[in-house]
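One file, model26.csv, is given below (CSV, C-alpha atoms).
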```csv
chain,number,residue,atom,x,y,z
L,27,MET,CA,-26.0,8.3,-9.8
L,28,ASP,CA,-25.5,10.1,-6.5
L,29,THR,CA,-22.9,8.3,-4.3
L,30,ARG,CA,-23.1,10.9,-1.5
L,31,GLY,CA,-26.2,9.6,0.2
L,32,GLY,CA,-26.3,7.9,3.6
L,33,GLY,CA,-27.1,4.3,2.6
L,34,SER,CA,-24.5,1.7,2.3
L,35,GLN,CA,-23.4,0.2,-1.1
L,36,ARG,CA,-21.3,-2.8,-2.1
L,37,LEU,CA,-18.6,-1.3,-4.4
L,38,PHE,CA,-15.6,-2.3,-6.4
L,39,VAL,CA,-13.3,-0.7,-9.0
L,40,ALA,CA,-12.5,-2.6,-12.2
L,41,VAL,CA,-11.5,-2.5,-15.9
L,42,PRO,CA,-14.4,-3.6,-18.1
L,43,LEU,CA,-14.0,-6.1,-20.9
L,44,PRO,CA,-13.6,-4.4,-24.2
L,45,GLY,CA,-16.5,-5.2,-26.5
L,46,GLU,CA,-14.4,-6.8,-29.2
L,47,LEU,CA,-13.3,-9.6,-26.7
L,48,LEU,CA,-16.8,-10.8,-25.9
L,49,GLY,CA,-16.7,-13.5,-28.6
L,50,PHE,CA,-13.2,-14.7,-27.4
L,51,VAL,CA,-14.5,-15.0,-23.8
L,52,ARG,CA,-17.7,-16.8,-24.9
L,53,ASP,CA,-15.5,-19.2,-26.9
L,54,SER,CA,-13.3,-19.8,-23.9
L,55,GLN,CA,-16.4,-20.5,-21.7
L,56,GLY,CA,-17.4,-23.0,-24.4
L,57,LEU,CA,-14.2,-25.0,-23.8
L,58,LEU,CA,-15.2,-25.7,-20.2
L,59,PRO,CA,-16.8,-29.0,-19.2
L,60,ARG,CA,-20.3,-28.9,-17.8
L,61,VAL,CA,-19.5,-30.0,-14.3
L,62,PRO,CA,-22.1,-29.8,-11.5
L,63,GLY,CA,-22.2,-26.4,-9.8
L,64,LEU,CA,-20.3,-24.6,-12.6
L,65,ARG,CA,-21.9,-21.2,-13.2
L,66,LEU,CA,-20.8,-19.2,-16.3
L,67,MET,CA,-20.5,-15.4,-15.9
L,68,GLY,CA,-22.8,-13.3,-18.0
L,69,GLU,CA,-22.0,-10.6,-20.4
L,70,GLY,CA,-22.5,-7.8,-17.9
L,71,GLN,CA,-20.2,-9.4,-15.4
L,72,PHE,CA,-16.9,-9.5,-17.3
L,73,HIS,CA,-14.2,-7.2,-15.8
L,74,VAL,CA,-10.8,-7.2,-14.2
L,75,THR,CA,-11.1,-6.2,-10.6
L,76,LEU,CA,-8.6,-3.7,-9.3
L,77,ALA,CA,-10.1,-3.2,-5.8
L,78,PHE,CA,-13.0,-4.9,-4.1
L,79,ILE,CA,-14.1,-2.2,-1.6
L,80,GLY,CA,-17.1,-4.0,-0.1
L,81,GLU,CA,-20.0,-2.4,1.9
L,82,VAL,CA,-19.4,1.3,2.5
L,83,GLY,CA,-21.4,4.4,3.4
L,84,GLY,CA,-21.8,7.6,1.5
L,85,ARG,CA,-18.5,9.2,2.5
L,86,GLU,CA,-16.4,6.3,1.3
L,87,ALA,CA,-18.5,5.9,-1.9
L,88,SER,CA,-18.0,9.5,-2.7
L,89,ALA,CA,-14.2,9.2,-2.1
L,90,ALA,CA,-14.0,6.1,-4.3
L,91,ARG,CA,-15.8,8.0,-7.1
L,92,GLU,CA,-13.3,10.8,-6.9
L,93,VAL,CA,-10.4,8.3,-7.0
L,94,VAL,CA,-11.8,6.8,-10.2
L,95,LEU,CA,-12.5,10.2,-11.8
L,96,SER,CA,-8.9,11.3,-11.0
L,97,VAL,CA,-7.2,8.6,-13.0
L,98,PRO,CA,-5.2,10.2,-15.8
L,99,PRO,CA,-6.4,9.1,-19.2
L,100,GLU,CA,-2.9,8.4,-20.5
L,101,ILE,CA,-2.5,5.5,-18.0
L,102,GLY,CA,-4.3,3.1,-20.4
L,103,GLY,CA,-2.7,0.7,-22.9
L,104,ASP,CA,-2.6,-2.9,-23.8
L,105,ALA,CA,-2.2,-6.2,-22.0
L,106,GLN,CA,-2.6,-9.8,-23.1
L,107,ILE,CA,-5.0,-12.7,-22.2
L,108,GLU,CA,-2.7,-15.7,-22.0
L,109,ARG,CA,-4.4,-18.9,-20.7
L,110,PHE,CA,-6.9,-20.3,-18.3
L,111,LEU,CA,-6.2,-19.7,-14.6
L,112,PHE,CA,-7.8,-21.8,-11.8
L,113,ILE,CA,-8.1,-20.2,-8.4
L,114,PRO,CA,-6.9,-21.3,-5.9
L,115,SER,CA,-5.6,-24.3,-7.9
L,116,ALA,CA,-6.4,-26.5,-10.9
L,117,GLY,CA,-7.5,-29.4,-8.6
L,118,ARG,CA,-9.6,-27.4,-6.2
L,119,ALA,CA,-10.8,-24.5,-8.4
L,120,ARG,CA,-13.6,-22.2,-7.1
L,121,VAL,CA,-13.0,-19.7,-9.9
L,122,VAL,CA,-12.1,-20.2,-13.6
L,123,ALA,CA,-10.5,-17.1,-15.0
L,124,LEU,CA,-8.4,-16.0,-18.0
L,125,ASP,CA,-4.9,-15.0,-16.9
L,126,ILE,CA,-3.7,-11.6,-18.1
L,127,SER,CA,-0.1,-10.9,-18.9
L,128,ASP,CA,0.9,-7.3,-18.3
L,129,PRO,CA,4.3,-6.8,-20.0
L,130,GLN,CA,3.8,-3.0,-20.3
L,131,GLY,CA,2.7,-2.7,-16.7
L,132,VAL,CA,-0.6,-1.1,-17.6
L,133,PHE,CA,-2.7,-3.0,-15.0
L,134,GLY,CA,0.1,-2.7,-12.4
L,135,ARG,CA,0.2,1.1,-12.8
L,136,LEU,CA,-3.6,1.4,-12.8
L,137,PHE,CA,-3.8,-0.8,-9.7
L,138,GLU,CA,-1.3,1.3,-7.8
L,139,ARG,CA,-3.0,4.5,-8.8
L,140,VAL,CA,-6.5,3.3,-7.7
L,141,MET,CA,-5.4,1.4,-4.6
L,142,GLY,CA,-3.1,4.3,-3.5
L,143,GLY,CA,-6.0,6.7,-3.8
L,144,LEU,CA,-8.4,4.5,-2.0
L,145,GLU,CA,-5.9,4.0,0.9
L,146,SER,CA,-5.1,7.7,1.1
L,147,ALA,CA,-8.9,8.5,1.2
L,148,GLY,CA,-9.4,6.0,4.1
L,149,VAL,CA,-11.8,3.9,1.9
L,150,MET,CA,-9.9,0.6,2.2
L,151,GLN,CA,-6.5,-1.1,2.7
L,152,ARG,CA,-4.9,-3.4,0.2
L,153,GLU,CA,-4.9,-7.2,0.6
L,154,LYS,CA,-1.7,-8.9,1.6
L,155,ARG,CA,-1.6,-11.1,-1.5
L,156,PRO,CA,-0.1,-9.5,-4.6
L,157,PHE,CA,-2.3,-8.1,-7.3
L,158,ARG,CA,-2.7,-10.5,-10.3
L,159,PRO,CA,-4.9,-9.3,-13.1
L,160,HIS,CA,-7.4,-11.9,-14.3
L,161,LEU,CA,-10.8,-12.1,-15.9
L,162,THR,CA,-13.3,-14.4,-14.1
L,163,ILE,CA,-15.4,-16.3,-16.6
L,164,ALA,CA,-17.0,-19.0,-14.3
L,165,ARG,CA,-17.4,-20.0,-10.6
L,166,LEU,CA,-17.9,-23.4,-9.0
L,167,ARG,CA,-20.3,-23.9,-6.1
L,168,ASN,CA,-18.0,-26.6,-4.7
L,169,PRO,CA,-14.2,-26.6,-5.2
L,170,GLY,CA,-13.1,-29.2,-7.8
L,171,SER,CA,-11.1,-30.0,-10.9
L,172,VAL,CA,-11.9,-28.3,-14.2
L,173,GLU,CA,-10.3,-29.7,-17.4
L,174,PRO,CA,-11.0,-27.5,-20.5
L,175,ARG,CA,-11.1,-29.3,-23.8
L,176,SER,CA,-8.2,-27.1,-24.9
L,177,GLU,CA,-6.3,-24.0,-23.9
L,178,SER,CA,-8.1,-20.6,-24.3
L,179,GLY,CA,-5.7,-19.1,-26.7
L,180,ARG,CA,-4.3,-15.6,-26.5
L,181,ALA,CA,-5.9,-12.2,-27.2
L,182,ARG,CA,-5.0,-8.5,-26.9
L,183,PHE,CA,-6.8,-6.8,-24.0
L,184,ALA,CA,-7.1,-3.0,-24.5
L,185,VAL,CA,-7.3,-1.2,-21.2
L,186,GLU,CA,-9.8,1.5,-22.3
L,187,SER,CA,-11.5,2.6,-19.1
L,188,VAL,CA,-11.7,2.2,-15.4
L,189,CYS,CA,-15.1,2.1,-13.5
L,190,LEU,CA,-16.5,2.3,-10.0
L,191,TYR,CA,-19.3,-0.3,-9.8
L,192,LYS,CA,-22.1,-1.0,-7.4
L,193,SER,CA,-22.7,-4.7,-6.9
L,194,GLU,CA,-26.2,-6.0,-6.1
L,195,LEU,CA,-26.5,-9.7,-5.2
L,196,ARG,CA,-29.6,-11.3,-6.6
L,197,ARG,CA,-30.8,-14.9,-6.9
L,198,GLU,CA,-29.9,-15.0,-10.6
L,199,GLY,CA,-26.4,-13.6,-9.9
L,200,ALA,CA,-24.7,-10.3,-9.2
L,201,VAL,CA,-25.8,-7.2,-11.1
L,202,TYR,CA,-23.3,-4.4,-11.6
L,203,THR,CA,-24.1,-0.8,-12.1
L,204,VAL,CA,-21.5,1.8,-13.2
L,205,LEU,CA,-21.4,4.8,-10.8
L,206,ALA,CA,-18.3,6.5,-12.3
L,207,ARG,CA,-15.9,6.0,-15.1
L,208,THR,CA,-12.7,7.4,-16.6
L,209,VAL,CA,-12.0,6.8,-20.2
L,210,LEU,CA,-8.4,5.8,-20.9
L,211,LEU,CA,-6.7,6.7,-24.1
L,212,SER,CA,-9.3,6.9,-26.9
L,213,GLY,CA,-11.6,4.0,-26.0
L,214,ALA,CA,-14.7,3.7,-23.9
L,215,GLY,CA,-15.4,0.4,-22.2
L,216,CYS,CA,-18.4,0.9,-20.0
L,217,ASP,CA,-21.7,2.7,-19.8
L,218,GLY,CA,-22.5,5.3,-17.1
L,219,SER,CA,-21.3,8.7,-16.0
```

What's the structure tokens form of this structure?
Amino acid sequence: MDTRGGGSQRLFVAVPLPGELLGFVRDSQGLLPRVPGLRLMGEGQFHVTLAFIGEVGGREASAAREVVLSVPPEIGGDAQIERFLFIPSAGRARVVALDISDPQGVFGRLFERVMGGLESAGVMQREKRPFRPHLTIARLRNPGSVEPRSESGRARFAVESVCLYKSELRREGAVYTVLARTVLLSGAGCDGS
């Protein structure tokens, strides 16, 4: 898709969920109680956000595409899904996520590479809060307590690709389209070119 046009787009950069983890994530969602206002994320919405860019024009979109395409393939590797994570807190959760442990620093290096490139290109500035890799699996309309039936368990997360996504907000939820990707190591984690 051409990202050089003049219209604005809502963009973000993320690592998609490896296909072999879909069953694990669905099982984790199944452990959540059905509380009012809880909305489970759909299959096409699973990713670990590195940078939420927001609404930008053609110049910024093109620069973001170049940043993603410039990520060196050898920066990939493995991380670990550890447990449920409730954001901002267990008692007032708005987001239910799976916390990701990054002992090899794979997500940390990828974040620094992407964010540094986006900042250098004048696309965005990083947030003040530190980067914490996590995979959002549900959102709550109103903040509240969520008590899963048990812990999610652990699973290996292969960091196989990084993608630039366009986000379109629709009544049934956000729809994400891949605008650019870089395959990391030998895996391919998203569709698009």

(request) Give the answer as one residue: which of L:Val185, L:Val149, L:Ala119, L:Ala200 has the shortest atom-to-atom distance to Glu86 of chain L, using all atoms listed in the file? (result)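 Selected residue with least distance to Glu86 of chain L: L:Val149.
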
(message) So that I can check the surroundings of Ala123 of chain L, please list as a list in words every protein, DNA and RNA residue that reaches within 8 Å of it, counting all atoms listed in the file and ignoring chain neighbours fewer than 6 positions away.
(response)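 In the requested form, the answer reads Phe110, Leu111, Phe112, Ile113, His160, Leu161, Thr162, Ile163 and Ala164 of chain L.
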
Those same residues, written as a PDB file, keeping the file's coordinate frame with C-alpha atoms?
```pdb
ATOM      1  CA  PHE L 110      -6.900 -20.300 -18.300  1.00  0.00           C
ATOM      2  CA  LEU L 111      -6.200 -19.700 -14.600  1.00  0.00           C
ATOM      3  CA  PHE L 112      -7.800 -21.800 -11.800  1.00  0.00           C
ATOM      4  CA  ILE L 113      -8.100 -20.200  -8.400  1.00  0.00           C
ATOM      5  CA  HIS L 160      -7.400 -11.900 -14.300  1.00  0.00           C
ATOM      6  CA  LEU L 161     -10.800 -12.100 -15.900  1.00  0.00           C
ATOM      7  CA  THR L 162     -13.300 -14.400 -14.100  1.00  0.00           C
ATOM      8  CA  ILE L 163     -15.400 -16.300 -16.600  1.00  0.00           C
ATOM      9  CA  ALA L 164     -17.000 -19.000 -14.300  1.00  0.00           C
TER      10      ALA L 164
END
```

(request) Point out the residue among L:Ser146, L:Gln151, L:Asn168, L:Ser96 with the least atom-to-atom distance to Val209 of chain L, counting all atoms listed in the file. (result)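 Smallest separation from Val209 of chain L among the options: L:Ser96.
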
(message) I want to know what sits within 12 Å of Glu108 of chain L, based on all atoms listed in the file, with residues of the same chain fewer than 2 positions away left out; could you give that as number ranges by chain?
(response) L: 50-51, 54, 105-106, 110-111, 123-129, 159-161, 177-183

(request) Excluding Ile101 of chain L and residues on its chain fewer than 4 positions from it, collect all residues at most 12 Å away from it, counting all atoms listed in the file, and give them as a list of chain:residue names. (result)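 The neighbour list is L:Ser96, L:Val97, L:Gln130, L:Gly131, L:Val132, L:Phe133, L:Gly134, L:Arg135, L:Leu136, L:Phe137, L:Glu138, L:Arg139, L:Val140, L:Ala184, L:Val185, L:Glu186, L:Ser187, L:Val188, L:Thr208, L:Val209, L:Leu210, L:Leu211, L:Ser212.
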
(message) Considering only C-alpha atoms, can you say which of L:Met67, L:Leu57, L:Ala90, L:Leu76 comes closest to Gly143 of chain L?
(response)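 Of L:Met67, L:Leu57, L:Ala90, L:Leu76, the one nearest Gly143 of chain L is L:Ala90, counting only C-alpha atoms.
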
(request) Would you work out the distance separating atom CA of Glu194 of chain L from atom CA of Arg207 of chain L, expressed in Å to one decimal? (result)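 Between atom CA of Glu194 of chain L and atom CA of Arg207 of chain L the gap works out to 18.2 Å.
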